[in-house]
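> Below is the file input.cif, which contains mmCIF, C-alpha atoms (C1' of nucleotides).
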data_work
loop_
_atom_site.label_atom_id
_atom_site.label_comp_id
_atom_site.auth_asym_id
_atom_site.auth_seq_id
_atom_site.Cartn_x
_atom_site.Cartn_y
_atom_site.Cartn_z
CA MET O 43 9.59 34.86 9.37
CA THR O 44 9.98 31.41 10.91
CA ASP O 45 11.42 29.15 8.27
CA VAL O 46 10.56 25.50 8.75
CA ASN O 47 14.10 24.62 7.73
CA THR O 48 15.40 25.96 11.03
CA MET O 49 12.84 24.16 13.19
CA PRO O 50 14.06 21.15 15.15
CA GLY O 51 11.07 19.06 14.13
CA HIS O 52 11.71 19.61 10.46
CA LEU O 53 15.44 19.06 10.79
CA ILE O 54 14.83 15.82 12.62
CA ARG O 55 12.55 14.61 9.86
CA ARG O 56 15.14 15.39 7.22
CA TYR O 57 17.98 13.86 9.19
CA HIS O 58 15.96 10.73 9.77
CA GLN O 59 15.19 10.52 6.07
CA ALA O 60 18.86 10.71 5.18
CA SER O 61 19.77 8.28 7.92
CA VAL O 62 17.44 5.64 6.51
CA ALA O 63 18.80 6.21 3.01
CA ILE O 64 22.39 5.82 4.24
CA PHE O 65 21.55 2.64 6.12
CA HIS O 66 19.78 1.19 3.13
CA ALA O 67 22.66 2.00 0.77
CA ARG O 68 25.27 0.35 2.99
CA VAL O 69 23.20 -2.75 3.52
CA ALA O 70 22.35 -3.00 -0.18
CA GLU O 71 26.08 -2.96 -0.97
CA LEU O 72 26.31 -6.27 0.84
CA GLY O 73 23.37 -7.65 -1.12
CA TYR O 74 20.85 -7.45 1.70
CA ASP O 75 17.48 -5.77 1.93
CA LEU O 76 16.97 -5.12 5.63
CA THR O 77 15.51 -1.90 7.03
CA PRO O 78 16.91 -0.17 10.11
CA VAL O 79 13.86 -1.22 12.06
CA GLN O 80 14.25 -4.85 11.03
CA TYR O 81 17.92 -4.76 11.97
CA ALA O 82 17.20 -3.35 15.41
CA ALA O 83 14.60 -6.04 16.00
CA LEU O 84 17.01 -8.81 15.02
CA ALA O 85 19.72 -7.35 17.26
CA LYS O 86 17.44 -7.28 20.29
CA ILE O 87 16.08 -10.76 19.70
CA GLU O 88 19.62 -12.10 19.51
CA ALA O 89 20.38 -10.46 22.84
CA GLN O 90 17.20 -11.90 24.37
CA PRO O 91 16.07 -15.06 22.62
CA GLY O 92 12.51 -16.07 23.42
CA ILE O 93 11.38 -12.50 23.95
CA ASP O 94 7.72 -11.76 23.21
CA GLN O 95 6.53 -9.04 20.84
CA VAL O 96 5.35 -6.50 23.37
CA THR O 97 8.58 -6.68 25.37
CA LEU O 98 10.59 -6.38 22.18
CA ALA O 99 8.55 -3.35 21.18
CA GLY O 100 9.25 -1.73 24.54
CA LEU O 101 12.98 -2.36 24.31
CA ILE O 102 13.38 -0.61 20.99
CA ALA O 103 10.51 1.87 21.27
CA TYR O 104 8.22 0.49 18.60
CA ASP O 105 4.50 0.64 18.54
CA ARG O 106 2.99 -2.75 19.28
CA THR O 107 0.95 -2.60 16.10
CA THR O 108 4.01 -1.89 13.97
CA ILE O 109 6.06 -4.69 15.46
CA GLY O 110 3.60 -7.26 14.14
CA GLY O 111 4.29 -6.36 10.55
CA VAL O 112 8.02 -6.13 11.10
CA VAL O 113 8.10 -9.59 12.63
CA ASP O 114 5.91 -10.91 9.81
CA ARG O 115 8.48 -9.82 7.23
CA LEU O 116 11.40 -11.17 9.21
CA VAL O 117 9.65 -14.51 9.56
CA GLN O 118 8.92 -14.48 5.86
CA LYS O 119 12.61 -13.91 5.14
CA THR O 120 13.33 -16.85 7.50
CA TYR O 121 15.48 -14.77 9.84
CA LEU O 122 13.08 -15.45 12.69
CA VAL O 123 10.80 -18.08 14.14
CA ARG O 124 7.59 -17.05 15.91
CA GLU O 125 5.89 -19.54 18.21
CA VAL O 126 3.07 -19.43 20.71
CA SER O 127 4.52 -19.16 24.20
CA ALA O 128 4.33 -22.28 26.36
CA THR O 129 3.51 -20.26 29.47
CA ASP O 130 1.14 -17.66 28.01
CA ARG O 131 -0.91 -18.59 25.01
CA ARG O 132 -1.54 -14.95 24.14
CA ALA O 133 2.15 -14.28 23.66
CA ARG O 134 4.34 -15.06 20.65
CA VAL O 135 7.92 -16.02 21.40
CA LEU O 136 10.66 -14.91 18.99
CA LYS O 137 13.96 -16.58 18.17
CA LEU O 138 16.56 -16.03 15.46
CA THR O 139 17.25 -18.75 12.95
CA GLU O 140 20.82 -19.59 11.97
CA LEU O 141 20.35 -17.46 8.89
CA GLY O 142 19.20 -14.64 11.11
CA VAL O 143 22.31 -14.85 13.27
CA THR O 144 24.66 -15.01 10.28
CA THR O 145 22.95 -12.09 8.60
CA LEU O 146 23.07 -9.98 11.72
CA HIS O 147 26.80 -10.55 12.17
CA ARG O 148 27.55 -10.01 8.51
CA LEU O 149 25.74 -6.66 8.55
CA ALA O 150 27.24 -5.34 11.77
CA PRO O 151 30.26 -3.59 10.16
CA ALA O 152 28.07 -1.95 7.51
CA VAL O 153 25.72 -0.70 10.19
CA GLU O 154 28.63 0.77 12.14
CA GLU O 155 29.87 2.49 8.99
CA ALA O 156 26.43 3.88 8.34
CA GLN O 157 26.42 5.47 11.81
CA GLN O 158 29.74 7.13 11.04
CA THR O 159 28.46 8.38 7.69
CA MET O 160 25.43 9.92 9.37
CA LEU O 161 27.78 12.00 11.52
CA SER O 162 30.15 12.87 8.69
CA GLY O 163 28.97 16.46 8.45
CA LEU O 164 30.34 17.15 11.93
CA GLU O 165 33.91 17.68 13.11
CA PRO O 166 35.26 14.69 15.05
CA GLY O 167 35.10 16.77 18.21
CA GLU O 168 31.47 17.66 17.63
CA GLN O 169 30.27 14.14 16.95
CA ALA O 170 30.44 12.85 20.51
CA GLU O 171 28.75 15.97 21.84
CA PHE O 172 26.01 15.68 19.25
CA VAL O 173 25.29 12.06 20.12
CA ARG O 174 25.26 12.94 23.81
CA LEU O 175 22.74 15.72 23.25
CA LEU O 176 20.68 13.54 20.94
CA GLN O 177 20.47 10.86 23.62
CA LYS O 178 19.52 13.39 26.24
CA ALA O 179 16.92 15.11 24.06
CA THR O 180 15.41 11.78 23.07
CA ALA O 181 15.25 10.63 26.67
CA GLY O 182 13.51 13.88 27.53
CA VAL O 183 10.67 13.32 25.10
CA ASN O 184 10.47 9.56 25.52
CA GLN O 185 7.18 9.57 27.36
CA MET O 186 5.50 11.75 24.75
CA SER O 187 5.67 9.05 22.11
CA ARG O 188 3.03 6.37 21.74
CA ALA O 189 5.88 3.89 21.83
CA PRO O 190 8.20 4.95 24.65
CA LEU O 191 11.34 3.02 25.41
CA LYS O 192 11.02 0.66 28.38
CA GLU O 193 14.48 -0.42 29.34
CA THR O 194 14.30 -3.43 31.58
CA ASP O 195 17.30 -4.57 29.62
CA MET U 163 28.12 -5.17 22.55
CA THR U 164 26.79 -2.37 20.35
CA ASP U 165 23.36 -1.52 21.64
CA VAL U 166 21.07 -0.02 19.03
CA ASN U 167 19.85 2.45 21.63
CA THR U 168 23.17 4.28 21.45
CA MET U 169 23.31 4.45 17.65
CA PRO U 170 22.55 7.82 16.06
CA GLY U 171 20.29 6.22 13.46
CA HIS U 172 18.15 4.56 16.07
CA LEU U 173 18.08 7.64 18.30
CA ILE U 174 17.00 9.86 15.47
CA ARG U 175 14.19 7.47 14.59
CA ARG U 176 12.92 7.57 18.15
CA TYR U 177 13.33 11.32 18.40
CA HIS U 178 11.46 11.77 15.14
CA GLN U 179 8.67 9.55 16.42
CA ALA U 180 8.29 11.64 19.57
CA SER U 181 8.56 14.86 17.62
CA VAL U 182 5.63 13.92 15.42
CA ALA U 183 3.59 12.90 18.46
CA ILE U 184 4.30 16.23 20.17
CA PHE U 185 3.37 18.19 17.07
CA HIS U 186 0.17 16.24 16.68
CA ALA U 187 -0.83 16.72 20.30
CA ARG U 188 -0.36 20.50 20.20
CA VAL U 189 -2.25 20.86 16.96
CA ALA U 190 -5.06 18.61 18.15
CA GLU U 191 -5.47 20.84 21.23
CA LEU U 192 -6.54 23.58 18.85
CA GLY U 193 -8.96 21.26 17.12
CA TYR U 194 -6.92 20.74 13.98
CA ASP U 195 -5.67 17.61 12.29
CA LEU U 196 -2.60 18.69 10.34
CA THR U 197 0.61 16.68 10.14
CA PRO U 198 4.06 18.29 10.39
CA VAL U 199 4.60 17.60 6.72
CA GLN U 200 1.32 19.25 5.76
CA TYR U 201 2.14 22.25 7.90
CA ALA U 202 5.56 22.69 6.30
CA ALA U 203 3.99 22.53 2.86
CA LEU U 204 1.41 25.18 3.74
CA ALA U 205 4.11 27.44 5.19
CA LYS U 206 6.23 27.25 2.05
CA ILE U 207 3.31 27.79 -0.28
CA GLU U 208 2.33 30.88 1.67
CA ALA U 209 5.87 32.20 1.26
CA GLN U 210 5.83 31.43 -2.47
CA PRO U 211 2.32 31.39 -3.89
CA GLY U 212 2.05 29.79 -7.31
CA ILE U 213 4.92 27.41 -6.66
CA ASP U 214 4.81 24.08 -8.52
CA GLN U 215 5.02 20.70 -6.79
CA VAL U 216 8.59 19.82 -7.73
CA THR U 217 9.95 23.15 -6.55
CA LEU U 218 7.99 22.84 -3.33
CA ALA U 219 9.37 19.37 -2.78
CA GLY U 220 12.91 20.68 -3.23
CA LEU U 221 12.40 23.53 -0.77
CA ILE U 222 11.31 21.30 2.07
CA ALA U 223 13.19 18.13 1.10
CA TYR U 224 10.26 15.90 0.24
CA ASP U 225 10.21 13.16 -2.27
CA ARG U 226 8.33 14.22 -5.37
CA THR U 227 6.11 11.15 -5.17
CA THR U 228 5.18 11.92 -1.58
CA ILE U 229 4.29 15.52 -2.24
CA GLY U 230 1.46 14.49 -4.55
CA GLY U 231 -0.41 12.74 -1.77
CA VAL U 232 0.27 15.54 0.71
CA VAL U 233 -1.12 18.12 -1.70
CA ASP U 234 -4.11 15.88 -2.42
CA ARG U 235 -5.06 15.89 1.25
CA LEU U 236 -4.54 19.61 1.64
CA VAL U 237 -6.71 20.26 -1.39
CA GLN U 238 -9.32 17.91 0.02
CA LYS U 239 -9.31 19.89 3.26
CA THR U 240 -9.70 23.05 1.13
CA TYR U 241 -6.53 24.64 2.45
CA LEU U 242 -5.05 24.69 -1.05
CA VAL U 243 -5.98 25.12 -4.66
CA ARG U 244 -4.11 23.16 -7.34
CA GLU U 245 -4.32 24.35 -10.94
CA VAL U 246 -2.60 23.52 -14.19
CA SER U 247 0.11 26.10 -14.82
CA ALA U 248 -0.60 28.62 -17.56
CA THR U 249 2.98 28.52 -18.81
CA ASP U 250 3.71 24.81 -18.49
CA ARG U 251 0.85 22.39 -18.81
CA ARG U 252 2.81 19.65 -17.05
CA ALA U 253 3.10 21.66 -13.87
CA ARG U 254 0.51 22.14 -11.12
CA VAL U 255 0.49 25.53 -9.48
CA LEU U 256 -0.32 25.73 -5.76
CA LYS U 257 -1.97 28.53 -3.80
CA LEU U 258 -3.41 28.80 -0.30
CA THR U 259 -7.09 29.46 0.17
CA GLU U 260 -8.25 31.93 2.77
CA LEU U 261 -8.95 29.03 5.08
CA GLY U 262 -5.40 27.83 4.47
CA VAL U 263 -3.94 31.19 5.46
CA THR U 264 -6.09 31.48 8.58
CA THR U 265 -5.26 27.95 9.67
CA LEU U 266 -1.56 28.48 9.15
CA HIS U 267 -1.53 31.61 11.29
CA ARG U 268 -3.70 30.09 13.95
CA LEU U 269 -1.38 27.11 14.26
CA ALA U 270 1.88 29.06 14.31
CA PRO U 271 2.09 29.50 18.11
CA ALA U 272 1.31 25.84 18.74
CA VAL U 273 4.01 24.83 16.29
CA GLU U 274 6.51 27.08 18.05
CA GLU U 275 5.56 25.55 21.37
CA ALA U 276 5.97 22.09 19.94
CA GLN U 277 9.54 22.95 18.90
CA GLN U 278 10.29 24.04 22.46
CA THR U 279 8.77 20.87 23.88
CA MET U 280 10.94 18.74 21.61
CA LEU U 281 14.02 20.37 23.17
CA SER U 282 12.70 20.24 26.73
CA GLY U 283 15.04 17.44 27.77
CA LEU U 284 18.03 19.73 27.31
CA GLU U 285 19.33 22.55 29.47
CA PRO U 286 18.66 25.99 27.98
CA GLY U 287 22.35 26.33 27.25
CA GLU U 288 22.45 23.02 25.42
CA GLN U 289 19.45 23.67 23.20
CA ALA U 290 21.08 26.18 20.88
CA GLU U 291 24.17 24.05 20.52
CA PHE U 292 22.07 20.99 19.75
CA VAL U 293 20.08 22.78 17.06
CA ARG U 294 23.31 24.09 15.56
CA LEU U 295 24.80 20.60 15.42
CA LEU U 296 21.57 19.14 14.09
CA GLN U 297 21.56 21.67 11.27
CA LYS U 298 25.18 20.98 10.47
CA ALA U 299 24.76 17.22 10.58
CA THR U 300 21.65 17.39 8.41
CA ALA U 301 23.39 19.60 5.88
CA GLY U 302 26.25 17.11 5.79
CA VAL U 303 24.02 14.21 4.77
CA ASN U 304 21.63 16.21 2.61
CA GLN U 305 22.85 14.78 -0.67
CA MET U 306 22.51 11.19 0.54
CA SER U 307 18.74 11.42 0.72
CA ARG U 308 16.50 10.75 -2.24
CA ALA U 309 14.91 14.09 -1.51
CA PRO U 310 17.71 16.56 -0.81
CA LEU U 311 16.95 20.15 0.09
CA LYS U 312 17.35 22.55 -2.81
CA GLU U 313 17.37 26.01 -1.36
CA THR U 314 16.79 28.55 -4.10
CA ASP U 315 14.73 30.31 -1.51
"C1'" DA X 159 -15.57 -19.74 41.43
"C1'" DC X 160 -16.81 -15.65 39.12
"C1'" DA X 161 -16.75 -11.06 37.53
"C1'" DA X 162 -13.98 -7.22 36.34
"C1'" DT X 163 -9.83 -5.82 34.51
"C1'" DA X 164 -5.57 -6.08 32.16
"C1'" DT X 165 -2.65 -7.78 28.60
"C1'" DA X 166 -0.82 -9.92 23.89
"C1'" DG X 167 -1.78 -9.71 19.50
"C1'" DT X 168 -4.28 -8.59 15.30
"C1'" DC X 169 -7.13 -5.95 11.95
"C1'" DA X 170 -8.86 -1.91 9.34
"C1'" DG X 171 -7.85 2.51 8.02
"C1'" DT X 172 -4.74 6.55 7.20
"C1'" DA X 173 -0.26 9.22 6.37
"C1'" DT X 174 4.45 9.55 5.31
"C1'" DG X 175 8.47 7.92 2.52
"C1'" DC X 176 10.67 4.98 -0.69
"C1'" DT X 177 11.49 2.32 -5.67
"C1'" DG X 178 10.57 1.94 -10.27
"C1'" DA X 179 7.56 2.63 -14.18
"C1'" DT X 180 4.63 5.39 -17.15
"C1'" DC X 181 2.48 9.43 -19.39
"C1'" DA X 182 2.29 14.07 -21.00
"C1'" DT X 183 4.62 18.01 -22.11
"C1'" DC X 184 8.53 20.92 -22.95
"C1'" DA X 185 13.15 22.26 -24.78
"C1'" DG X 186 17.10 21.72 -27.55
"C1'" DT X 187 19.08 20.05 -31.70
"C1'" DA X 188 19.78 17.95 -36.21
"C1'" DT J 87 10.02 20.18 -38.61
"C1'" DA J 88 11.06 15.89 -36.43
"C1'" DC J 89 13.77 13.56 -33.10
"C1'" DT J 90 15.79 13.19 -28.59
"C1'" DG J 91 16.21 13.91 -24.09
"C1'" DA J 92 14.69 16.17 -19.90
"C1'" DT J 93 11.06 17.32 -16.76
"C1'" DG J 94 6.36 17.54 -13.94
"C1'" DA J 95 3.27 14.55 -12.28
"C1'" DT J 96 1.07 10.24 -11.35
"C1'" DC J 97 0.56 5.23 -10.40
"C1'" DA J 98 1.43 0.62 -8.26
"C1'" DG J 99 3.62 -1.56 -4.65
"C1'" DC J 100 6.03 -1.86 -0.24
"C1'" DA J 101 7.57 -0.55 4.75
"C1'" DT J 102 7.22 2.16 8.76
"C1'" DA J 103 4.07 4.55 12.20
"C1'" DC J 104 -0.13 5.98 14.02
"C1'" DT J 105 -5.45 5.50 15.83
"C1'" DG J 106 -9.05 2.83 17.38
"C1'" DA J 107 -11.44 -1.42 17.76
"C1'" DC J 108 -11.55 -6.26 18.53
"C1'" DT J 109 -10.42 -11.28 20.06
"C1'" DA J 110 -8.35 -14.39 23.08
"C1'" DT J 111 -6.19 -15.28 27.18
"C1'" DA J 112 -4.44 -14.07 32.04
"C1'" DT J 113 -4.76 -12.02 36.32
"C1'" DT J 114 -6.87 -9.85 40.13
"C1'" DG J 115 -10.33 -9.03 43.54
"C1'" DT J 116 -14.38 -10.32 45.89
#
Let me see the structure of the file written as structure tokens.

Amino acid sequence: MTDVNTMPGHLIRRYHQASVAIFHARVAELGYDLTPVQYAALAKIEAQPGIDQVTLAGLIAYDRTTIGGVVDRLVQKTYLVREVSATDRRARVLKLTELGVTTLHRLAPAVEEAQQTMLSGLEPGEQAEFVRLLQKATAGVNQMSRAPLKETD
Amino acid sequence: MTDVNTMPGHLIRRYHQASVAIFHARVAELGYDLTPVQYAALAKIEAQPGIDQVTLAGLIAYDRTTIGGVVDRLVQKTYLVREVSATDRRARVLKLTELGVTTLHRLAPAVEEAQQTMLSGLEPGEQAEFVRLLQKATAGVNQMSRAPLKETD
DNA sequence: ACAATATAGTCAGTATGCTGATCATCAGTA
DNA sequence: TACTGATGATCAGCATACTGACTATATTGT
């Protein structure tokens, strides 16, 4: 009898679910309403101002269709500015606003705490090993996703 | 500089993404179009015929709102029958159809293979340890999800 | 220069998940 | 019995993700 609750795929789904809930709770405590995906996008755009949407998607392993909506919402919240690229009129260039930068820095500690909370079921000694294996396992299946990571970072 | 690509939350999102893609690919090879969530629901209903939606949701850690739509689609595909409970007119009782049972059994090997593929980035020795840690970590954050697992199984 | 191809982005449609509200029904109690 | 609260299910609305198709613009090859 193969119980779904012992299958990696099902465990991953549940863990992801909880991880999003934890992130949301921490961020809400500070009075913000940013999703993990939105946060990751902001963080990457800060690191590489002027990045276009497809490159951004590659750097954080998003689907290029999804990124459009994410950027829309961030622009709407005035964390971002999206402009047509001067060198390629197909491309949209992304930059953080001042509010975007402030928000990102203000949320950083809460995001770090959320990561710790996600690992709180493990012994301190197990946590590092788990993250190592998670990185390795994720790297192993990277190409099987529609939105693989492309680290030209 | 804390890169999101080293954060557990971000890794688990990516891993989940790939895991769904792998599942979908394997199932599509057999000519089916079932999602991981739909498969898990079918598997649990087979194990407990006549289960109601809330109990089902608890057993596989779904949100009770989500389960409605999942069941809708499974009913539409004629894998399931949903009837008003004889003992509690609020509740909907779920049972597999013959097609549902056949499909479930036909997909089982592909689902097993998908689980193996998800772990393929790890050494054989690491896989068991990873699954153990994943189970432990997931159990540790179970209560922080809106849809915690309730195993009265 | 022109045709073929590739790329950036969007749109429509579908499936999970969530929040918060509502409705119907059930169970316990005054 | 009538009231109160709890519970099963649904609905509206939003945010990720996916598929597949489409437009506009660049690039490449002849």
> Could you tell me, as a PyMOL selection string, exactly which residues end up selected when the PyMOL selection byres ((chain U and resi 183) around 12) is applied to this structure?
(chain O and resi 51+183-190) or (chain U and resi 176-182+184-190+196-198+276-277+279-280) or (chain J and resi 103-105)
> Suppose we keep C-alpha atoms (C1' of nucleotides); can you now write the selection as a compact mmCIF listing (two decimals), in the frame of the given file?

# COMPACT_ATOMS: atom_id res chain seq x y z
CA GLY O 51 11.07 19.06 14.13
CA VAL O 183 10.67 13.32 25.10
CA ASN O 184 10.47 9.56 25.52
CA GLN O 185 7.18 9.57 27.36
CA MET O 186 5.50 11.75 24.75
CA SER O 187 5.67 9.05 22.11
CA ARG O 188 3.03 6.37 21.74
CA ALA O 189 5.88 3.89 21.83
CA PRO O 190 8.20 4.95 24.65
CA ARG U 176 12.92 7.57 18.15
CA TYR U 177 13.33 11.32 18.40
CA HIS U 178 11.46 11.77 15.14
CA GLN U 179 8.67 9.55 16.42
CA ALA U 180 8.29 11.64 19.57
CA SER U 181 8.56 14.86 17.62
CA VAL U 182 5.63 13.92 15.42
CA ILE U 184 4.30 16.23 20.17
CA PHE U 185 3.37 18.19 17.07
CA HIS U 186 0.17 16.24 16.68
CA ALA U 187 -0.83 16.72 20.30
CA ARG U 188 -0.36 20.50 20.20
CA VAL U 189 -2.25 20.86 16.96
CA ALA U 190 -5.06 18.61 18.15
CA LEU U 196 -2.60 18.69 10.34
CA THR U 197 0.61 16.68 10.14
CA PRO U 198 4.06 18.29 10.39
CA ALA U 276 5.97 22.09 19.94
CA GLN U 277 9.54 22.95 18.90
CA THR U 279 8.77 20.87 23.88
CA MET U 280 10.94 18.74 21.61
C1' DA J 103 4.07 4.55 12.20
C1' DC J 104 -0.13 5.98 14.02
C1' DT J 105 -5.45 5.50 15.83
> Please identify all residues of chain J having at least one atom at most 12 Å from any atom of chain U, considering all atoms listed in the file, and return them as a ChimeraX atom specification.
/J:93-98,102-105
> When you draw a straight line from atom CA of U:Leu311 to atom CA of U:Leu218, how long is it in Å?
10.0 Å
> Would you compute the distance between atom CA of O:Ile87 and atom CA of O:Ile109? Give it in Å to one decimal.
12.5 Å
> Compute the set of chain X residues within 8 Å of chain U, using all atoms listed in the file, and express it as an MDAnalysis selection string.
chainID X and resid 174:175 182:184
> J:DG91: which residues within 12 Å, counting all atoms listed in the file, same-chain residues fewer than 5 positions away excluded, as a PyMOL selection string?
chain X and resi 184-187
> For chain O, which residue among U:Val263, U:Ala223, U:Leu258, U:Leu192 is the nearest when counting only C-alpha atoms?
U:Ala223
> Could you tell me which residues the PyMOL selection byres ((chain U and resi 262) around 8) returns for this structure, as a ChimeraX atom specification?
/U:204,240-242,258-261,263-266
> Suppose you want the space between atom CA of O:Thr48 and atom CA of U:Val293; what is it in Å?
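That distance, rounded to one decimal, is 8.3 Å.
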> Give as a list in words the residues that the PyMOL selection byres ((chain U and resi 291) around 12) matches when applied to the coordinates above.
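Applying the PyMOL selection byres ((chain U and resi 291) around 12) to the structure shown produces Pro50, Glu168, Glu171, Phe172, Arg174, Leu175 and Leu176 of chain O; Leu281, Leu284, Glu285, Pro286, Gly287, Glu288, Gln289, Ala290, Phe292, Val293, Arg294, Leu295, Leu296, Gln297 and Lys298 of chain U.
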